[in-house]
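Visitor: Contents of entry_16.cif (mmCIF, C-alpha atoms) are below:
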```
data_start
loop_
_atom_site.label_atom_id
_atom_site.label_comp_id
_atom_site.auth_asym_id
_atom_site.auth_seq_id
_atom_site.Cartn_x
_atom_site.Cartn_y
_atom_site.Cartn_z
CA MET X 28 14.56 21.97 -3.70
CA LYS X 29 11.00 23.08 -4.07
CA ILE X 30 7.84 21.88 -2.39
CA TYR X 31 4.40 22.65 -3.81
CA LYS X 32 1.04 21.58 -2.41
CA GLU X 33 -2.45 21.92 -3.75
CA LYS X 34 -5.78 20.46 -2.71
CA ILE X 35 -8.02 19.15 -5.46
CA THR X 36 -11.73 18.59 -4.90
CA PHE X 37 -14.15 16.23 -6.56
CA LYS X 38 -17.51 14.61 -5.99
CA SER X 39 -18.42 10.96 -5.77
CA THR X 40 -21.86 9.99 -7.03
CA ALA X 41 -22.19 6.38 -5.83
CA GLN X 42 -21.46 4.37 -2.67
CA ILE X 43 -18.46 2.69 -4.31
CA GLU X 44 -16.76 4.50 -7.17
CA PHE X 45 -13.39 4.76 -8.88
CA ILE X 46 -12.71 8.44 -9.61
CA ASP X 47 -9.92 8.98 -12.15
CA ILE X 48 -7.93 12.00 -10.94
CA THR X 49 -4.92 11.59 -13.26
CA ASN X 50 -5.56 14.80 -15.21
CA GLU X 51 -6.13 16.84 -12.06
CA VAL X 52 -2.85 15.60 -10.58
CA ALA X 53 -1.02 16.37 -13.84
CA GLN X 54 -2.42 19.91 -13.73
CA VAL X 55 -1.09 20.45 -10.20
CA ILE X 56 2.36 19.31 -11.32
CA GLU X 57 2.20 21.81 -14.17
CA ASN X 58 1.13 24.52 -11.71
CA SER X 59 4.10 23.65 -9.50
CA GLY X 60 6.65 24.27 -12.22
CA ILE X 61 8.59 21.26 -10.92
CA ARG X 62 10.25 19.27 -13.72
CA GLU X 63 12.10 16.51 -11.84
CA GLY X 64 11.04 14.87 -8.59
CA GLY X 65 8.03 13.06 -7.23
CA VAL X 66 4.38 13.55 -6.37
CA CYS X 67 2.49 12.09 -3.43
CA ILE X 68 -1.30 11.89 -3.67
CA PHE X 69 -2.79 11.74 -0.16
CA VAL X 70 -6.47 11.52 0.85
CA GLN X 71 -7.54 12.89 4.22
CA HIS X 72 -10.42 10.44 4.48
CA THR X 73 -10.87 7.11 6.27
CA THR X 74 -13.36 5.57 3.84
CA MET X 75 -11.44 6.33 0.64
CA GLY X 76 -8.30 4.78 -0.84
CA VAL X 77 -5.88 5.60 -3.66
CA ILE X 78 -4.65 3.19 -6.32
CA ILE X 79 -2.98 3.18 -9.73
CA ASN X 80 -4.21 0.85 -12.45
CA HIS X 81 -5.97 0.52 -15.77
CA ASN X 82 -9.07 2.68 -16.34
CA GLU X 83 -11.12 -0.10 -17.89
CA PRO X 84 -14.70 -0.06 -16.55
CA MET X 85 -15.21 -3.83 -16.56
CA LEU X 86 -11.95 -4.35 -14.68
CA LEU X 87 -12.98 -1.81 -12.06
CA GLN X 88 -16.21 -3.73 -11.62
CA ASP X 89 -14.22 -6.95 -11.19
CA PHE X 90 -12.12 -5.29 -8.51
CA MET X 91 -15.27 -4.05 -6.73
CA ARG X 92 -16.48 -7.64 -6.57
CA VAL X 93 -13.13 -8.85 -5.22
CA LEU X 94 -13.25 -6.11 -2.57
CA TYR X 95 -16.82 -7.10 -1.77
CA HIS X 96 -15.57 -10.58 -0.89
CA PHE X 97 -12.76 -9.09 1.18
CA ALA X 98 -15.14 -7.03 3.34
CA PRO X 99 -18.77 -7.78 2.42
CA VAL X 100 -21.22 -4.97 2.97
CA ASP X 101 -23.82 -7.43 4.25
CA GLU X 102 -21.77 -8.80 7.14
CA ARG X 103 -21.96 -7.36 10.64
CA TYR X 104 -19.42 -4.74 11.63
CA SER X 105 -19.13 -3.68 15.27
CA HIS X 106 -18.20 -0.24 14.00
CA ASP X 107 -21.73 0.16 12.69
CA LEU X 108 -23.01 -0.07 16.28
CA PHE X 109 -20.53 2.69 17.14
CA GLU X 110 -21.95 4.83 14.34
CA MET X 111 -25.49 4.33 15.65
CA LYS X 112 -24.44 5.13 19.20
CA LYS X 113 -22.42 8.18 18.19
CA ASN X 114 -25.41 9.75 16.56
CA ASN X 115 -27.81 8.47 19.20
CA LYS X 116 -30.12 7.40 16.43
CA THR X 117 -30.47 4.50 14.04
CA ASP X 118 -29.52 6.26 10.82
CA GLY X 119 -25.74 6.51 11.31
CA ARG X 120 -23.61 5.49 8.34
CA SER X 121 -23.14 1.72 8.27
CA ASN X 122 -19.65 2.05 6.89
CA GLY X 123 -17.56 -0.53 8.75
CA HIS X 124 -16.95 -2.29 5.43
CA SER X 125 -15.92 1.02 3.83
CA HIS X 126 -13.20 1.65 6.41
CA CYS X 127 -11.90 -1.92 5.98
CA LYS X 128 -11.59 -1.52 2.22
CA ALA X 129 -9.91 1.87 2.62
CA MET X 130 -7.34 0.40 5.03
CA LEU X 131 -6.64 -2.32 2.51
CA LEU X 132 -5.82 0.10 -0.32
CA GLY X 133 -4.09 2.80 1.68
CA ALA X 134 -4.40 6.58 1.75
CA SER X 135 -1.53 7.54 -0.57
CA VAL X 136 0.55 6.71 -3.64
CA THR X 137 3.83 8.19 -4.88
CA VAL X 138 4.79 8.66 -8.53
CA PRO X 139 8.14 9.87 -9.95
CA ILE X 140 8.16 12.96 -12.22
CA GLU X 141 10.40 13.46 -15.26
CA ASN X 142 10.36 16.47 -17.60
CA GLY X 143 7.30 17.79 -15.79
CA LYS X 144 5.25 14.62 -16.38
CA MET X 145 4.39 11.70 -14.12
CA MET X 146 6.24 8.57 -15.16
CA LEU X 147 3.05 6.59 -15.69
CA SER X 148 2.72 4.10 -18.51
CA GLU X 149 -0.10 4.46 -21.02
CA LEU X 150 -2.31 2.01 -19.09
CA GLN X 151 -1.84 3.61 -15.65
CA SER X 152 -4.42 5.97 -14.19
CA ILE X 153 -4.62 7.32 -10.64
CA PHE X 154 -7.90 6.65 -8.85
CA ALA X 155 -9.38 8.01 -5.66
CA VAL X 156 -11.55 5.08 -4.63
CA GLU X 157 -14.75 6.03 -2.86
CA PHE X 158 -16.19 3.46 -0.44
CA ASP X 159 -18.82 5.54 1.34
CA GLY X 160 -20.30 7.99 -1.16
CA SER X 161 -21.80 10.01 -2.51
CA ARG X 162 -19.88 12.95 -0.97
CA ASN X 163 -17.65 15.90 -1.67
CA ARG X 164 -14.06 14.70 -1.35
CA ASP X 165 -10.57 16.08 -1.76
CA ALA X 166 -6.96 15.00 -2.02
CA ILE X 167 -3.67 16.69 -1.15
CA ILE X 168 -1.27 16.74 -4.10
CA HIS X 169 2.23 17.17 -2.74
CA VAL X 170 4.92 17.76 -5.36
CA ASN X 171 8.61 17.98 -4.58
CA GLY X 172 11.69 18.26 -6.69
CA MET B 1 19.11 18.33 -2.83
CA LYS B 2 19.77 15.79 -5.48
CA ILE B 3 17.42 13.64 -7.52
CA TYR B 4 18.62 10.58 -9.38
CA LYS B 5 16.55 8.19 -11.49
CA GLU B 6 17.39 4.94 -13.17
CA LYS B 7 15.31 2.25 -14.83
CA ILE B 8 16.19 -1.34 -14.02
CA THR B 9 15.03 -4.20 -16.23
CA PHE B 10 14.40 -7.82 -15.44
CA LYS B 11 12.54 -10.82 -16.77
CA SER B 12 9.81 -12.89 -15.18
CA THR B 13 9.72 -16.56 -16.06
CA ALA B 14 6.35 -17.67 -14.63
CA GLN B 15 2.78 -16.38 -14.51
CA ILE B 16 3.11 -15.47 -10.84
CA GLU B 17 6.59 -14.80 -9.50
CA PHE B 18 8.35 -12.87 -6.75
CA ILE B 19 11.44 -11.23 -8.23
CA ASP B 20 13.92 -10.05 -5.61
CA ILE B 21 15.31 -6.72 -6.86
CA THR B 22 17.00 -5.63 -3.61
CA ASN B 23 20.55 -5.79 -5.01
CA GLU B 24 19.61 -3.93 -8.18
CA VAL B 25 18.01 -1.13 -6.14
CA ALA B 26 21.07 -0.95 -3.88
CA GLN B 27 23.26 -0.60 -6.97
CA VAL B 28 21.21 2.35 -8.24
CA ILE B 29 21.60 4.07 -4.87
CA GLU B 30 25.35 3.55 -5.10
CA ASN B 31 25.31 4.96 -8.65
CA SER B 32 23.40 8.01 -7.38
CA GLY B 33 26.06 8.94 -4.84
CA ILE B 34 23.25 9.90 -2.45
CA ARG B 35 24.09 9.07 1.18
CA GLU B 36 21.03 10.36 3.09
CA GLY B 37 17.45 10.43 1.84
CA GLY B 38 14.95 8.00 0.44
CA VAL B 39 14.29 5.75 -2.52
CA CYS B 40 10.97 5.09 -4.25
CA ILE B 41 10.62 1.91 -6.32
CA PHE B 42 7.82 2.37 -8.87
CA VAL B 43 6.58 -0.12 -11.50
CA GLN B 44 4.96 1.20 -14.68
CA HIS B 45 2.81 -1.91 -15.04
CA THR B 46 -0.80 -2.73 -14.16
CA THR B 47 -0.32 -6.45 -13.54
CA MET B 48 2.70 -6.16 -11.24
CA GLY B 49 3.03 -5.02 -7.63
CA VAL B 50 5.88 -4.13 -5.26
CA ILE B 51 6.29 -5.41 -1.69
CA ILE B 52 8.92 -5.72 1.02
CA ASN B 53 9.19 -8.93 3.04
CA HIS B 54 11.20 -12.02 3.82
CA ASN B 55 12.78 -13.87 0.87
CA GLU B 56 11.81 -17.32 2.10
CA PRO B 57 10.50 -19.48 -0.77
CA MET B 58 7.88 -21.37 1.25
CA LEU B 59 6.50 -18.11 2.62
CA LEU B 60 6.23 -16.67 -0.86
CA GLN B 61 4.28 -19.75 -1.89
CA ASP B 62 1.97 -19.26 1.11
CA PHE B 63 1.37 -15.68 0.04
CA MET B 64 0.60 -16.78 -3.52
CA ARG B 65 -2.08 -19.09 -2.15
CA VAL B 66 -3.54 -16.28 -0.01
CA LEU B 67 -3.61 -14.03 -3.08
CA TYR B 68 -5.22 -16.85 -5.05
CA HIS B 69 -8.11 -16.80 -2.57
CA PHE B 70 -8.32 -13.01 -2.80
CA ALA B 71 -8.72 -13.04 -6.59
CA PRO B 72 -8.93 -16.63 -7.88
CA VAL B 73 -7.66 -17.18 -11.39
CA ASP B 74 -10.52 -19.60 -12.08
CA GLU B 75 -13.34 -17.13 -11.43
CA ARG B 76 -14.92 -15.05 -14.17
CA TYR B 77 -13.61 -11.53 -14.72
CA SER B 78 -15.50 -9.15 -16.99
CA HIS B 79 -12.15 -7.67 -17.92
CA ASP B 80 -11.28 -10.91 -19.69
CA LEU B 81 -14.15 -10.28 -22.10
CA PHE B 82 -12.65 -6.83 -22.72
CA GLU B 83 -9.30 -8.43 -23.51
CA MET B 84 -10.92 -10.80 -26.01
CA LYS B 85 -12.85 -7.96 -27.61
CA LYS B 86 -9.85 -5.65 -27.75
CA ASN B 87 -7.90 -8.15 -29.74
CA ASN B 88 -10.92 -9.28 -31.71
CA LYS B 89 -9.89 -12.83 -31.09
CA THR B 90 -10.15 -15.39 -28.34
CA ASP B 91 -6.53 -15.49 -27.24
CA GLY B 92 -6.32 -12.19 -25.34
CA ARG B 93 -4.66 -12.34 -21.95
CA SER B 94 -7.13 -13.52 -19.31
CA ASN B 95 -5.57 -11.32 -16.70
CA GLY B 96 -8.47 -9.81 -14.75
CA HIS B 97 -7.20 -11.60 -11.65
CA SER B 98 -3.67 -10.25 -12.28
CA HIS B 99 -4.85 -6.64 -12.28
CA CYS B 100 -6.83 -7.23 -9.07
CA LYS B 101 -3.80 -8.63 -7.26
CA ALA B 102 -1.61 -5.78 -8.53
CA MET B 103 -4.12 -3.19 -7.25
CA LEU B 104 -4.06 -4.91 -3.89
CA LEU B 105 -0.28 -4.69 -3.48
CA GLY B 106 0.28 -1.29 -5.07
CA ALA B 107 2.77 -0.01 -7.63
CA SER B 108 5.40 1.50 -5.31
CA VAL B 109 7.26 1.33 -2.02
CA THR B 110 9.49 3.91 -0.30
CA VAL B 111 12.56 3.10 1.81
CA PRO B 112 14.74 5.52 3.81
CA ILE B 113 18.50 5.68 3.05
CA GLU B 114 21.26 6.16 5.62
CA ASN B 115 25.00 6.20 4.90
CA GLY B 116 24.29 5.21 1.31
CA LYS B 117 22.35 2.07 2.31
CA MET B 118 18.64 1.31 2.44
CA MET B 119 17.44 1.02 6.03
CA LEU B 120 16.16 -2.52 5.56
CA SER B 121 16.49 -5.10 8.29
CA GLU B 122 18.27 -8.38 7.59
CA LEU B 123 14.98 -10.15 6.78
CA GLN B 124 13.62 -7.50 4.40
CA SER B 125 13.92 -7.88 0.63
CA ILE B 126 12.24 -5.82 -2.08
CA PHE B 127 10.15 -7.79 -4.56
CA ALA B 128 8.62 -6.89 -7.88
CA VAL B 129 5.67 -9.27 -7.92
CA GLU B 130 4.69 -10.55 -11.35
CA PHE B 131 1.05 -11.54 -11.84
CA ASP B 132 0.92 -11.93 -15.61
CA GLY B 133 4.26 -13.33 -16.77
CA SER B 134 6.45 -14.34 -18.28
CA ARG B 135 7.54 -10.95 -19.67
CA ASN B 136 10.28 -8.37 -19.79
CA ARG B 137 9.59 -5.87 -17.02
CA ASP B 138 11.17 -2.79 -15.53
CA ALA B 139 10.99 -0.51 -12.51
CA ILE B 140 11.84 3.16 -11.97
CA ILE B 141 14.24 3.66 -9.08
CA HIS B 142 13.89 7.21 -7.87
CA VAL B 143 16.47 8.31 -5.28
CA ASN B 144 16.40 11.66 -3.56
CA GLY B 145 18.46 13.16 -0.79
CA MET W 11 16.44 20.88 1.80
CA LYS W 12 16.72 19.13 5.10
CA ILE W 13 16.48 15.46 5.99
CA TYR W 14 15.87 14.30 9.53
CA LYS W 15 15.55 10.72 10.78
CA GLU W 16 14.66 9.30 14.13
CA LYS W 17 13.82 5.81 15.33
CA ILE W 18 10.87 5.47 17.69
CA THR W 19 10.42 2.38 19.84
CA PHE W 20 7.31 0.82 21.28
CA LYS W 21 6.06 -2.46 22.67
CA SER W 22 3.23 -4.65 21.46
CA THR W 23 1.36 -6.60 24.11
CA ALA W 24 -0.77 -8.99 22.04
CA GLN W 25 -0.34 -11.22 19.00
CA ILE W 26 -2.35 -8.85 16.81
CA GLU W 27 -2.53 -5.22 17.87
CA PHE W 28 -3.03 -1.76 16.39
CA ILE W 29 -0.53 0.61 18.01
CA ASP W 30 -1.39 4.28 17.51
CA ILE W 31 1.92 6.08 16.92
CA THR W 32 0.48 9.40 15.68
CA ASN W 33 1.75 11.45 18.64
CA GLU W 34 5.22 9.91 18.48
CA VAL W 35 5.49 10.75 14.78
CA ALA W 36 4.27 14.30 15.41
CA GLN W 37 6.96 14.68 18.09
CA VAL W 38 9.70 13.63 15.63
CA ILE W 39 8.46 16.22 13.14
CA GLU W 40 8.64 18.85 15.87
CA ASN W 41 12.18 17.68 16.73
CA SER W 42 13.14 18.01 13.06
CA GLY W 43 12.20 21.67 12.85
CA ILE W 44 10.84 20.99 9.35
CA ARG W 45 7.72 23.06 8.59
CA GLU W 46 6.91 22.09 4.98
CA GLY W 47 7.51 18.70 3.37
CA GLY W 48 6.63 15.11 4.03
CA VAL W 49 7.17 12.27 6.47
CA CYS W 50 7.64 8.60 5.70
CA ILE W 51 6.96 6.07 8.46
CA PHE W 52 8.84 2.83 7.73
CA VAL W 53 8.92 -0.38 9.80
CA GLN W 54 11.94 -2.64 9.57
CA HIS W 55 9.89 -5.74 10.34
CA THR W 56 8.34 -8.48 8.20
CA THR W 57 5.39 -9.28 10.47
CA MET W 58 4.24 -5.69 11.01
CA GLY W 59 2.42 -3.24 8.72
CA VAL W 60 1.59 0.46 8.76
CA ILE W 61 -1.82 1.99 8.03
CA ILE W 62 -3.75 5.23 8.50
CA ASN W 63 -7.37 5.13 9.60
CA HIS W 64 -9.83 5.88 12.39
CA ASN W 65 -8.80 4.96 15.93
CA GLU W 66 -12.13 3.43 16.87
CA PRO W 67 -11.65 0.18 18.82
CA MET W 68 -14.65 -1.66 17.38
CA LEU W 69 -13.59 -0.80 13.85
CA LEU W 70 -10.09 -2.11 14.51
CA GLN W 71 -11.65 -5.35 15.73
CA ASP W 72 -13.72 -5.52 12.53
CA PHE W 73 -10.57 -5.10 10.48
CA MET W 74 -8.81 -7.85 12.45
CA ARG W 75 -11.65 -10.19 11.55
CA VAL W 76 -11.44 -9.22 7.88
CA LEU W 77 -7.68 -9.86 7.95
CA TYR W 78 -8.32 -13.17 9.68
CA HIS W 79 -10.39 -14.24 6.66
CA PHE W 80 -7.65 -13.01 4.31
CA ALA W 81 -4.96 -15.15 5.96
CA PRO W 82 -6.49 -17.36 8.68
CA VAL W 83 -4.18 -18.24 11.55
CA ASP W 84 -5.61 -21.76 11.62
CA GLU W 85 -4.70 -22.70 8.07
CA ARG W 86 -1.45 -24.43 7.15
CA TYR W 87 1.47 -22.27 6.06
CA SER W 88 4.55 -23.90 4.56
CA HIS W 89 6.59 -21.13 6.17
CA ASP W 90 5.73 -22.57 9.57
CA LEU W 91 7.63 -25.73 8.62
CA PHE W 92 10.56 -23.47 7.71
CA GLU W 93 10.38 -21.86 11.13
CA MET W 94 10.43 -25.27 12.83
CA LYS W 95 13.34 -26.42 10.71
CA LYS W 96 15.31 -23.21 11.20
CA ASN W 97 15.24 -23.64 14.91
CA ASN W 98 15.59 -27.40 14.73
CA LYS W 99 12.83 -27.68 17.26
CA THR W 100 9.07 -27.59 17.32
CA ASP W 101 8.56 -24.26 19.05
CA GLY W 102 9.46 -21.90 16.20
CA ARG W 103 7.05 -19.03 15.62
CA SER W 104 4.08 -20.17 13.53
CA ASN W 105 3.86 -16.83 11.84
CA GLY W 106 3.19 -17.57 8.16
CA HIS W 107 -0.15 -15.80 8.51
CA SER W 108 1.57 -12.81 10.15
CA HIS W 109 3.91 -12.30 7.20
CA CYS W 110 0.99 -12.54 4.76
CA LYS W 111 -0.98 -9.87 6.59
CA ALA W 112 2.09 -7.62 6.79
CA MET W 113 2.68 -7.96 3.02
CA LEU W 114 -0.94 -6.99 2.46
CA LEU W 115 -0.70 -3.73 4.44
CA GLY W 116 2.83 -2.71 3.47
CA ALA W 117 5.80 -1.47 5.47
CA SER W 118 5.42 2.29 5.02
CA VAL W 119 3.10 5.26 4.62
CA THR W 120 3.84 8.85 3.57
CA VAL W 121 2.06 11.95 4.89
CA PRO W 122 2.48 15.58 3.74
CA ILE W 123 3.50 18.22 6.33
CA GLU W 124 2.24 21.83 6.45
CA ASN W 125 3.17 24.42 9.08
CA GLY W 126 5.02 21.75 11.03
CA LYS W 127 1.96 19.47 11.28
CA MET W 128 0.98 16.32 9.40
CA MET W 129 -1.93 16.99 7.06
CA LEU W 130 -4.13 14.35 8.71
CA SER W 131 -7.84 14.89 9.14
CA GLU W 132 -9.37 14.66 12.61
CA LEU W 133 -10.32 10.99 12.08
CA GLN W 134 -6.93 9.83 10.80
CA SER W 135 -4.43 8.10 13.07
CA ILE W 136 -1.22 6.31 12.11
CA PHE W 137 -0.98 2.70 13.28
CA ALA W 138 1.90 0.27 13.44
CA VAL W 139 0.00 -3.01 13.11
CA GLU W 140 1.52 -5.92 15.01
CA PHE W 141 0.83 -9.39 13.62
CA ASP W 142 3.30 -11.47 15.64
CA GLY W 143 3.53 -9.94 19.12
CA SER W 144 4.16 -9.35 21.85
CA ARG W 145 7.57 -7.81 21.11
CA ASN W 146 9.68 -4.70 21.25
CA ARG W 147 9.32 -2.94 17.91
CA ASP W 148 10.47 0.23 16.26
CA ALA W 149 9.82 2.44 13.24
CA ILE W 150 12.02 4.81 11.23
CA ILE W 151 10.50 8.28 10.99
CA HIS W 152 12.02 9.99 7.96
CA VAL W 153 11.14 13.69 7.59
CA ASN W 154 12.16 15.80 4.63
CA GLY W 155 11.39 19.32 3.59
#
```
Please go through the file and, once you have read it, give me the structure as structure tokens.
Guide:
Amino acid sequence: MKIYKEKITFKSTAQIEFIDITNEVAQVIENSGIREGGVCIFVQHTTMGVIINHNEPMLLQDFMRVLYHFAPVDERYSHDLFEMKKNNKTDGRSNGHSHCKAMLLGASVTVPIENGKMMLSELQSIFAVEFDGSRNRDAIIHVNG
Amino acid sequence: MKIYKEKITFKSTAQIEFIDITNEVAQVIENSGIREGGVCIFVQHTTMGVIINHNEPMLLQDFMRVLYHFAPVDERYSHDLFEMKKNNKTDGRSNGHSHCKAMLLGASVTVPIENGKMMLSELQSIFAVEFDGSRNRDAIIHVNG
Amino acid sequence: MKIYKEKITFKSTAQIEFIDITNEVAQVIENSGIREGGVCIFVQHTTMGVIINHNEPMLLQDFMRVLYHFAPVDERYSHDLFEMKKNNKTDGRSNGHSHCKAMLLGASVTVPIENGKMMLSELQSIFAVEFDGSRNRDAIIHVNG
């Protein structure tokens, strides 16, 4: 058995953004030399999630709207008072809604690997989903086989 | 260490349907000969999710209703315009809501294995959840130990 | 390759409660002696979920409210009729909403391990999320590396 880990870095450019990291994950698997096994994509952030779905821009916009209804940015979040207090000023990040959306999606996904490739179908892409950008972000790519 | 993979196939018969695949997954584990480890159930679809819960028909109906409110089928999804355009006709699949529900649930679950059995409690079943049926579907069962 | 499993037990004291089990999971990893690999936290319950996020009490309260809107406790769930029928009395657990919330969050999370430690950032804690307490509960901690 072999375990291989690599951190990939990327940059979000909007408050809410779907960042397609499929190619970067595929590159790590190639770097690992592992042909059969699985890969876990894990984000070390609390306002970012990871999902797998179709990279179709209008669909991603639909999903943003659905997530908006789940945890609207314009409702009151007690956490936002915490952010203000923590910084002892009024310009803390009002990101209660961002955490809620991140909890909904989860911080990791796992994909099987066969012949050195992820077993994704043609329509499946891996997204790091930013909910509190823009920021520098990263993800741990953990391959084993 | 051993890795064993098998694809199981099944058929959905309704637009939205919970398909209990627990027995099929258990069979793959038996086929693998692996006694200690874990199993990852992964669907290569973008309008299907995977969950673990109680196989109680009224509960599953409750959950369908909750998911309906999360991403109502009778709202407008920009993705549905994409589907129409893609096919250059008006009978593309209006499945924006299906993708949204699939993203919510996720494409995989992982279950530990002990003595050749999944460590599920009596009330836990594994479901492939169809959101855009009826169709032939499949899932990758990835056992390692 | 090594596989190590341990069951941890804990007690919820409210109907809905976020129980931080990060230290207990870290202890199991130490017990395992595994330095490089991954850990899967799996709950064998159908009214409990597992998430990773910030242990900030006001945020957790925000998330409870968001989950309340997702599956309100004061709506009607057909499953609650099942519970009444099952027990042939009127004091079955009215926990249709609890199951729905648990399905939303999922029964497991996976975290990479490096140098014997989970690769969590400072703000990330692991929570078993109780939706039908108070009860004795447990989780399977499955380490491999």
Visitor: Since I can't run it myself right now, could you work out what the PyMOL selection byres ((chain B) within 10 of (chain W)) selects here and report it as a PDB file with C-alpha atoms, in the frame of the given file?
Guide:
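Everything below was put into out33.pdb:
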```
ATOM      1  CA  MET B   1      19.110  18.330  -2.830  1.00  0.00           C
ATOM      2  CA  LYS B   2      19.770  15.790  -5.480  1.00  0.00           C
ATOM      3  CA  GLU B  36      21.030  10.360   3.090  1.00  0.00           C
ATOM      4  CA  GLY B  37      17.450  10.430   1.840  1.00  0.00           C
ATOM      5  CA  GLY B  38      14.950   8.000   0.440  1.00  0.00           C
ATOM      6  CA  VAL B  50       5.880  -4.130  -5.260  1.00  0.00           C
ATOM      7  CA  ILE B  51       6.290  -5.410  -1.690  1.00  0.00           C
ATOM      8  CA  ILE B  52       8.920  -5.720   1.020  1.00  0.00           C
ATOM      9  CA  ASN B  53       9.190  -8.930   3.040  1.00  0.00           C
ATOM     10  CA  HIS B  54      11.200 -12.020   3.820  1.00  0.00           C
ATOM     11  CA  GLU B  56      11.810 -17.320   2.100  1.00  0.00           C
ATOM     12  CA  PRO B  57      10.500 -19.480  -0.770  1.00  0.00           C
ATOM     13  CA  MET B  58       7.880 -21.370   1.250  1.00  0.00           C
ATOM     14  CA  LEU B  59       6.500 -18.110   2.620  1.00  0.00           C
ATOM     15  CA  LEU B  60       6.230 -16.670  -0.860  1.00  0.00           C
ATOM     16  CA  GLN B  61       4.280 -19.750  -1.890  1.00  0.00           C
ATOM     17  CA  ASP B  62       1.970 -19.260   1.110  1.00  0.00           C
ATOM     18  CA  PHE B  63       1.370 -15.680   0.040  1.00  0.00           C
ATOM     19  CA  MET B  64       0.600 -16.780  -3.520  1.00  0.00           C
ATOM     20  CA  ARG B  65      -2.080 -19.090  -2.150  1.00  0.00           C
ATOM     21  CA  VAL B  66      -3.540 -16.280  -0.010  1.00  0.00           C
ATOM     22  CA  LEU B  67      -3.610 -14.030  -3.080  1.00  0.00           C
ATOM     23  CA  HIS B  69      -8.110 -16.800  -2.570  1.00  0.00           C
ATOM     24  CA  PHE B  70      -8.320 -13.010  -2.800  1.00  0.00           C
ATOM     25  CA  LEU B 104      -4.060  -4.910  -3.890  1.00  0.00           C
ATOM     26  CA  LEU B 105      -0.280  -4.690  -3.480  1.00  0.00           C
ATOM     27  CA  GLY B 106       0.280  -1.290  -5.070  1.00  0.00           C
ATOM     28  CA  VAL B 109       7.260   1.330  -2.020  1.00  0.00           C
ATOM     29  CA  THR B 110       9.490   3.910  -0.300  1.00  0.00           C
ATOM     30  CA  VAL B 111      12.560   3.100   1.810  1.00  0.00           C
ATOM     31  CA  PRO B 112      14.740   5.520   3.810  1.00  0.00           C
ATOM     32  CA  ILE B 113      18.500   5.680   3.050  1.00  0.00           C
ATOM     33  CA  GLU B 114      21.260   6.160   5.620  1.00  0.00           C
ATOM     34  CA  MET B 119      17.440   1.020   6.030  1.00  0.00           C
ATOM     35  CA  LEU B 120      16.160  -2.520   5.560  1.00  0.00           C
ATOM     36  CA  SER B 121      16.490  -5.100   8.290  1.00  0.00           C
ATOM     37  CA  GLU B 122      18.270  -8.380   7.590  1.00  0.00           C
ATOM     38  CA  LEU B 123      14.980 -10.150   6.780  1.00  0.00           C
ATOM     39  CA  GLN B 124      13.620  -7.500   4.400  1.00  0.00           C
ATOM     40  CA  SER B 125      13.920  -7.880   0.630  1.00  0.00           C
ATOM     41  CA  GLY B 145      18.460  13.160  -0.790  1.00  0.00           C
TER      42      GLY B 145
END
```
Visitor: Separation of atom CA of W:Ser144 and atom CA of W:Glu27, in Å?
Guide: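 Going from atom CA of W:Ser144 over to atom CA of W:Glu27 covers 8.8 Å.
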Visitor: Could you check how far atom CA of X:Ser39 sits from atom CA of X:Val100, in Å to one decimal?
Guide: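 The value is 18.4 Å.
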Visitor: Which is closest to W:Asn146 among W:Thr23, W:Gly43, W:Lys17, W:Asp84, if we use only C-alpha atoms?
Guide: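 Counting only C-alpha atoms, the residue closest to W:Asn146 is W:Thr23.
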Visitor: Go ahead and compute the interatomic distance for atom CA of B:Val39 and atom CA of B:Met118, in Å to one decimal.
Guide: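 So the two atoms, atom CA of B:Val39 and atom CA of B:Met118, lie 8.0 Å apart.
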Visitor: What does the PyMOL selection byres ((chain B and resi 15) around 7) select in this file, as a PDB file with C-alpha atoms, in the coordinates of the input?
Guide:
```pdb
ATOM      1  CA  ALA B  14       6.350 -17.670 -14.630  1.00  0.00           C
ATOM      2  CA  ILE B  16       3.110 -15.470 -10.840  1.00  0.00           C
ATOM      3  CA  GLU B  17       6.590 -14.800  -9.500  1.00  0.00           C
ATOM      4  CA  GLU B 130       4.690 -10.550 -11.350  1.00  0.00           C
ATOM      5  CA  PHE B 131       1.050 -11.540 -11.840  1.00  0.00           C
ATOM      6  CA  ASP B 132       0.920 -11.930 -15.610  1.00  0.00           C
ATOM      7  CA  GLY B 133       4.260 -13.330 -16.770  1.00  0.00           C
ATOM      8  CA  SER B 134       6.450 -14.340 -18.280  1.00  0.00           C
TER       9      SER B 134
END
```
Visitor: Choose the residue, out of X:Glu33, X:Asp165, X:Glu57, X:Glu102, that has the smallest atom-to-atom separation from X:Ser121; count all atoms listed in the file.
Guide: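 Nearest candidate to X:Ser121 out of X:Glu33, X:Asp165, X:Glu57, X:Glu102: X:Glu102.
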Visitor: Using the chain letters and numbers from the file, give me the residues hit by the PyMOL selection byres ((chain B and resi 18) around 7), as number ranges by chain.
Guide: B: 17, 19-20, 127-130
